[in-house]
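Have a look at structure_26.txt; it's compact mmCIF, N, CA and C atoms:
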```
# COMPACT_ATOMS: atom_id res chain seq x y z
N MET A 1379 -57.00 116.66 -20.54
CA MET A 1379 -56.74 117.56 -21.63
C MET A 1379 -56.18 118.86 -21.06
N ASN A 1380 -55.07 119.30 -21.59
CA ASN A 1380 -54.42 120.50 -21.07
C ASN A 1380 -54.52 121.61 -22.10
N PHE A 1381 -55.05 122.74 -21.68
CA PHE A 1381 -55.21 123.87 -22.59
C PHE A 1381 -54.22 124.98 -22.30
N GLY A 1382 -53.14 124.67 -21.61
CA GLY A 1382 -52.09 125.65 -21.39
C GLY A 1382 -52.09 126.18 -19.98
N PRO A 1383 -51.27 127.19 -19.74
CA PRO A 1383 -51.11 127.73 -18.39
C PRO A 1383 -52.39 128.34 -17.85
N LEU A 1384 -52.50 128.36 -16.54
CA LEU A 1384 -53.70 128.89 -15.90
C LEU A 1384 -53.79 130.40 -16.02
N THR A 1385 -52.71 131.05 -16.43
CA THR A 1385 -52.70 132.51 -16.50
C THR A 1385 -53.22 133.03 -17.84
N ARG A 1386 -53.74 132.17 -18.66
CA ARG A 1386 -54.29 132.61 -19.95
C ARG A 1386 -55.51 133.49 -19.73
N THR A 1387 -55.69 134.40 -20.67
CA THR A 1387 -56.88 135.26 -20.62
C THR A 1387 -58.09 134.43 -21.07
N PRO A 1388 -59.29 134.88 -20.75
CA PRO A 1388 -60.47 134.16 -21.23
C PRO A 1388 -60.48 134.02 -22.76
N GLU A 1389 -60.01 135.04 -23.46
CA GLU A 1389 -59.97 134.98 -24.92
C GLU A 1389 -59.02 133.89 -25.40
N GLN A 1390 -57.88 133.77 -24.71
CA GLN A 1390 -56.92 132.72 -25.08
C GLN A 1390 -57.48 131.34 -24.79
N LYS A 1391 -58.21 131.23 -23.70
CA LYS A 1391 -58.84 129.94 -23.37
C LYS A 1391 -59.88 129.57 -24.41
N ILE A 1392 -60.66 130.56 -24.84
CA ILE A 1392 -61.67 130.31 -25.87
C ILE A 1392 -61.00 129.86 -27.16
N GLU A 1393 -59.92 130.54 -27.55
CA GLU A 1393 -59.20 130.16 -28.77
C GLU A 1393 -58.67 128.73 -28.67
N ALA A 1394 -58.13 128.37 -27.51
CA ALA A 1394 -57.62 127.01 -27.33
C ALA A 1394 -58.74 125.98 -27.42
N LEU A 1395 -59.88 126.29 -26.82
CA LEU A 1395 -61.02 125.37 -26.89
C LEU A 1395 -61.56 125.26 -28.31
N GLN A 1396 -61.60 126.39 -29.03
CA GLN A 1396 -62.07 126.36 -30.42
C GLN A 1396 -61.14 125.52 -31.29
N ALA A 1397 -59.83 125.65 -31.05
CA ALA A 1397 -58.86 124.86 -31.81
C ALA A 1397 -59.04 123.37 -31.51
N ALA A 1398 -59.24 123.04 -30.23
CA ALA A 1398 -59.45 121.64 -29.86
C ALA A 1398 -60.74 121.10 -30.47
N LEU A 1399 -61.78 121.90 -30.50
CA LEU A 1399 -63.04 121.49 -31.09
C LEU A 1399 -62.90 121.25 -32.58
N THR A 1400 -62.22 122.15 -33.27
CA THR A 1400 -61.99 121.99 -34.70
C THR A 1400 -61.21 120.71 -34.99
N LYS A 1401 -60.19 120.47 -34.19
CA LYS A 1401 -59.39 119.24 -34.36
C LYS A 1401 -60.25 118.00 -34.15
N ALA A 1402 -61.10 118.03 -33.14
CA ALA A 1402 -61.98 116.89 -32.86
C ALA A 1402 -62.99 116.69 -34.00
N GLU A 1403 -63.54 117.79 -34.50
CA GLU A 1403 -64.51 117.68 -35.60
C GLU A 1403 -63.85 117.11 -36.85
N ASN A 1404 -62.61 117.53 -37.12
CA ASN A 1404 -61.89 117.00 -38.28
C ASN A 1404 -61.62 115.50 -38.11
N ARG A 1405 -61.28 115.09 -36.91
CA ARG A 1405 -61.01 113.68 -36.65
C ARG A 1405 -62.28 112.85 -36.81
N ILE A 1406 -63.41 113.38 -36.34
CA ILE A 1406 -64.69 112.69 -36.50
C ILE A 1406 -65.00 112.51 -37.98
N ALA A 1407 -64.77 113.55 -38.77
CA ALA A 1407 -65.03 113.47 -40.20
C ALA A 1407 -64.15 112.40 -40.84
N GLN A 1408 -62.88 112.34 -40.45
CA GLN A 1408 -61.96 111.31 -40.97
C GLN A 1408 -62.46 109.91 -40.60
N LEU A 1409 -62.90 109.75 -39.36
CA LEU A 1409 -63.38 108.44 -38.92
C LEU A 1409 -64.66 108.04 -39.65
N GLU A 1410 -65.53 108.99 -39.93
CA GLU A 1410 -66.75 108.68 -40.67
C GLU A 1410 -66.42 108.22 -42.08
N ILE A 1411 -65.43 108.87 -42.71
CA ILE A 1411 -65.00 108.44 -44.05
C ILE A 1411 -64.43 107.02 -43.98
N LEU A 1412 -63.58 106.77 -43.00
CA LEU A 1412 -62.99 105.45 -42.84
C LEU A 1412 -64.05 104.38 -42.61
N MET A 1413 -65.04 104.69 -41.77
CA MET A 1413 -66.11 103.72 -41.51
C MET A 1413 -66.90 103.42 -42.79
N GLY A 1414 -67.12 104.43 -43.61
CA GLY A 1414 -67.81 104.22 -44.89
C GLY A 1414 -67.01 103.30 -45.80
N GLN A 1415 -65.69 103.50 -45.83
CA GLN A 1415 -64.84 102.65 -46.65
C GLN A 1415 -64.84 101.21 -46.14
N ILE A 1416 -64.79 101.06 -44.83
CA ILE A 1416 -64.83 99.72 -44.24
C ILE A 1416 -66.15 99.03 -44.57
N ARG A 1417 -67.24 99.78 -44.43
CA ARG A 1417 -68.57 99.23 -44.73
C ARG A 1417 -68.63 98.74 -46.18
N LYS A 1418 -68.13 99.55 -47.12
CA LYS A 1418 -68.16 99.17 -48.53
C LYS A 1418 -67.30 97.93 -48.78
N THR A 1419 -66.13 97.88 -48.15
CA THR A 1419 -65.24 96.72 -48.31
C THR A 1419 -65.91 95.45 -47.80
N LEU A 1420 -66.50 95.52 -46.62
CA LEU A 1420 -67.15 94.34 -46.06
C LEU A 1420 -68.35 93.92 -46.90
N GLU A 1421 -69.14 94.89 -47.35
CA GLU A 1421 -70.30 94.55 -48.17
C GLU A 1421 -69.87 93.94 -49.50
N ALA A 1422 -68.74 94.40 -50.05
CA ALA A 1422 -68.23 93.82 -51.29
C ALA A 1422 -67.83 92.36 -51.09
N LYS A 1423 -67.48 92.00 -49.84
CA LYS A 1423 -67.12 90.62 -49.52
C LYS A 1423 -68.34 89.81 -49.08
N GLY A 1424 -69.53 90.42 -49.17
CA GLY A 1424 -70.75 89.71 -48.84
C GLY A 1424 -71.13 89.77 -47.38
N ILE A 1425 -70.51 90.64 -46.63
CA ILE A 1425 -70.83 90.78 -45.21
C ILE A 1425 -71.77 91.97 -45.06
N GLN A 1426 -72.98 91.68 -44.63
CA GLN A 1426 -73.96 92.75 -44.46
C GLN A 1426 -73.79 93.43 -43.11
N ILE A 1427 -73.83 94.73 -43.11
CA ILE A 1427 -73.71 95.53 -41.90
C ILE A 1427 -75.08 96.12 -41.60
N LEU A 1428 -75.49 96.03 -40.35
CA LEU A 1428 -76.77 96.61 -39.99
C LEU A 1428 -76.71 98.14 -40.12
N PRO A 1429 -77.83 98.76 -40.46
CA PRO A 1429 -77.83 100.22 -40.57
C PRO A 1429 -77.43 100.87 -39.24
N ARG A 1430 -76.77 102.00 -39.36
CA ARG A 1430 -76.34 102.72 -38.16
C ARG A 1430 -77.53 103.35 -37.48
N LYS A 1431 -77.46 103.39 -36.16
CA LYS A 1431 -78.46 104.13 -35.40
C LYS A 1431 -78.08 105.61 -35.49
N ALA A 1432 -79.07 106.47 -35.53
CA ALA A 1432 -78.79 107.91 -35.61
C ALA A 1432 -78.08 108.35 -34.34
N ALA A 1433 -77.04 109.14 -34.53
CA ALA A 1433 -76.31 109.67 -33.38
C ALA A 1433 -77.17 110.72 -32.69
N GLY A 1434 -76.95 110.88 -31.41
CA GLY A 1434 -77.74 111.85 -30.65
C GLY A 1434 -77.23 113.26 -30.84
N ARG A 1435 -77.16 113.72 -32.07
CA ARG A 1435 -76.68 115.08 -32.36
C ARG A 1435 -77.83 115.94 -32.82
```
Since I need it in another form, could you write the structure as structure tokens?
Amino acid sequence: MNFGPLTRTPEQKIEALQAALTKAENRIAQLEILMGQIRKTLEAKGIQILPRKAAGR
């Protein structure tokens, strides 16, 4: 993962990391929505999905 040139100030590095974190959090949220849709589709077809284990968050 590249956060830009090495000459960035600490504040610029923090901003880049915060932007990357926000992007990752948004992607996780999208994937959770998609997984819910997949689960509903499979269950509608009679395929039972085991309950999810709690994430270590």
### Separation of CA of Asn1404 (chain A) from atom N of Ala1422 (chain A) in Å
26.4 Å
### Query
Expressed in Å to a single decimal, how great is the separation between atom N of Gly1414 (chain A) and atom N of Leu1395 (chain A)?
28.5 Å
### Message
For the helix (DSSP H, G or I) assignment from backbone DSSP, which residues of chain A qualify? Please present them as a ChimeraX atom specification.
### Response
/A:1388-1422
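Put simply, atom N of Ala1394 (chain A) is 20.2 Å away from atom C of Ile1406 (chain A).
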